[in-house]
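Chemist: There's a structure below that I have some questions on.
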Amino acid sequence: MNLDHPTPAQIPQLRLLWKEAFGDTDAFLDHFYGTAFSPDRCLCAMIDGEVAAMAYWFDCGEYAYIYAVATAKKHRGQGISHALMAQIHQILTRRGYAGCILVPGEESLRTFYRGMGYENCGGVQEFDAEAGDPLPLRKLQTEEYATLRRKYLPEGGVAQEGVNLDFLSCWAEFYEAPNALLAAVWEEGKLLVLDLLGDTAQAPGIVAALGAKTGWFRAPGEKPFAMHRPLNGNTPPKYFAFCF
């Protein structure tokens with residue numbers, strides 16, 4: 001097994017593994033590989049010339065956000081993901097990151113990642129809201145949203161900017177409401193607010209303003225969401241919102 005950053009020739013294999021593991025569409029992958037992908041922020045395990053496993057990360061200041069960790073079905077149960085993650089931890093430590101963050105795709109994976117030194121961090125609350133009296137919303141461009149989000153982000157929260165927001169803006173829209181800031185997407189006809197900062201009591205008015213009857217929201221809270229592993233001695237973040 002060889003662990004290394006991918007070459008351009010390996011991108012088709014990476015795409016196939018992504019679709020096998022996560023089921024995303026070609027359109028989504030076109031956005032990802034055209035906007036967010038960098039070989040320098042990806043590591044793959046090669047066996048007999050094939051991509052057997054992969055993982056990616058975003059830069060989030062002192063943190064690296066690791067996502068899309070996947071092993072091909074025919075190579076699972078061989079310890080490849082452990083080896084891959086161990087190598088990524090070494091790379092990120094050398095690059096000076098204080099810690100790394102990930103969001104398990106399933107609750108059962110929390111035990112798996114605890115075995116690699118991760119612990120829960122960055123709690124959230126997730127709730128549904130029905131439409132109320134509509135609020136005035138102001139649509140924001142990515143740069144303005146990033147600037148405002150720094151002001152709304154709770155102390156100890158992770159700022160996910162740059163490439164992170166460029167990628168998110170391919171499928172989300174950013175708004176400012178009275179005393180609140182949000183990133184919203186429509187998925188299969190349902191309104192999902194991936195990040196609501198500020199006054200959560202504004203949720204019913206936001207639902208109405210966006211033309212929905214109900215909406216789902218994520219905001220800072222106590223429910224376990226992200227997991228953190230220290231690399232160069234930092235403390236866990238208190239809020240992390242966007243998982244890809």
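FYI, nothing fancy with the structure tokens labels: chains A, B, ... in order, residues from 1 per chain, ligands from 1 as they appear.
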Mind checking which residues fall within 12 Å of stretch 126-133 of chain A, counting only C-alpha atoms, ignoring those fewer than 3 positions away in the same chain, and posting them as JSON, numbers by chain?
Modeler: {"A": [123, 136, 190, 191, 192, 193, 194, 195, 196, 200, 201, 202, 203, 204, 205, 206, 207, 208, 209, 210, 211, 212, 213, 214, 215, 216, 217, 218, 219, 220, 221, 222, 223, 224, 225, 241]}
Chemist: Residues near stretch 18-32 of chain A, anyone? I mean within 8 Å using only C-alpha atoms, not counting same-chain ones fewer than 6 positions away, as JSON, numbers by chain.
Modeler: {"A": [68, 70, 71, 72, 167, 170]}
Chemist: Using only N, CA and C atoms, please write the residues we just selected to a file, as a PDB file, in the first residue's frame.
Modeler:
ATOM      1  N   ALA A  68     -14.948  13.537   4.007  1.00  0.00           N
ATOM      2  CA  ALA A  68     -15.015  12.555   2.920  1.00  0.00           C
ATOM      3  C   ALA A  68     -13.959  11.467   3.073  1.00  0.00           C
ATOM      4  N   ALA A  70     -13.105   7.796   3.134  1.00  0.00           N
ATOM      5  CA  ALA A  70     -13.808   6.645   2.553  1.00  0.00           C
ATOM      6  C   ALA A  70     -12.823   5.565   2.139  1.00  0.00           C
ATOM      7  N   THR A  71     -13.260   4.323   2.303  1.00  0.00           N
ATOM      8  CA  THR A  71     -12.496   3.162   1.844  1.00  0.00           C
ATOM      9  C   THR A  71     -13.371   2.374   0.871  1.00  0.00           C
ATOM     10  N   ALA A  72     -12.797   1.950  -0.237  1.00  0.00           N
ATOM     11  CA  ALA A  72     -13.537   1.148  -1.208  1.00  0.00           C
ATOM     12  C   ALA A  72     -14.059  -0.130  -0.544  1.00  0.00           C
ATOM     13  N   PHE A 167     -16.983  26.898  -1.967  1.00  0.00           N
ATOM     14  CA  PHE A 167     -17.640  25.634  -2.281  1.00  0.00           C
ATOM     15  C   PHE A 167     -19.077  25.638  -1.784  1.00  0.00           C
ATOM     16  N   CYS A 170     -21.805  27.252  -3.869  1.00  0.00           N
ATOM     17  CA  CYS A 170     -22.288  26.575  -5.076  1.00  0.00           C
ATOM     18  C   CYS A 170     -23.694  26.015  -4.868  1.00  0.00           C
TER      19      CYS A 170
END
Chemist: Once DSSP has gone over the backbone, tell me which residues of stretch 8-230 of chain A are in alpha helix (DSSP H), as number ranges by chain.
Modeler: A: 11-22, 26-35, 80-94, 109-114, 142-152, 163-168, 203-209
Chemist: Quick one: everything within 12 Å of stretch 58-61 of chain A, counting only C-alpha atoms, minus sequence neighbours fewer than 2 positions away in the same chain. Send it as an MDAnalysis selection string.
Modeler: chainID A and resid 35:42 55:56 63:68 92 95:102 157:167 237 240:244
Chemist: Write down as an MDAnalysis selection string the residues of stretch 5-156 of chain A whose backbone DSSP state falls under strand (DSSP E or B).
Modeler: chainID A and resid 42:47 50:60 63:71 99:102 119:121 124:130 138:140
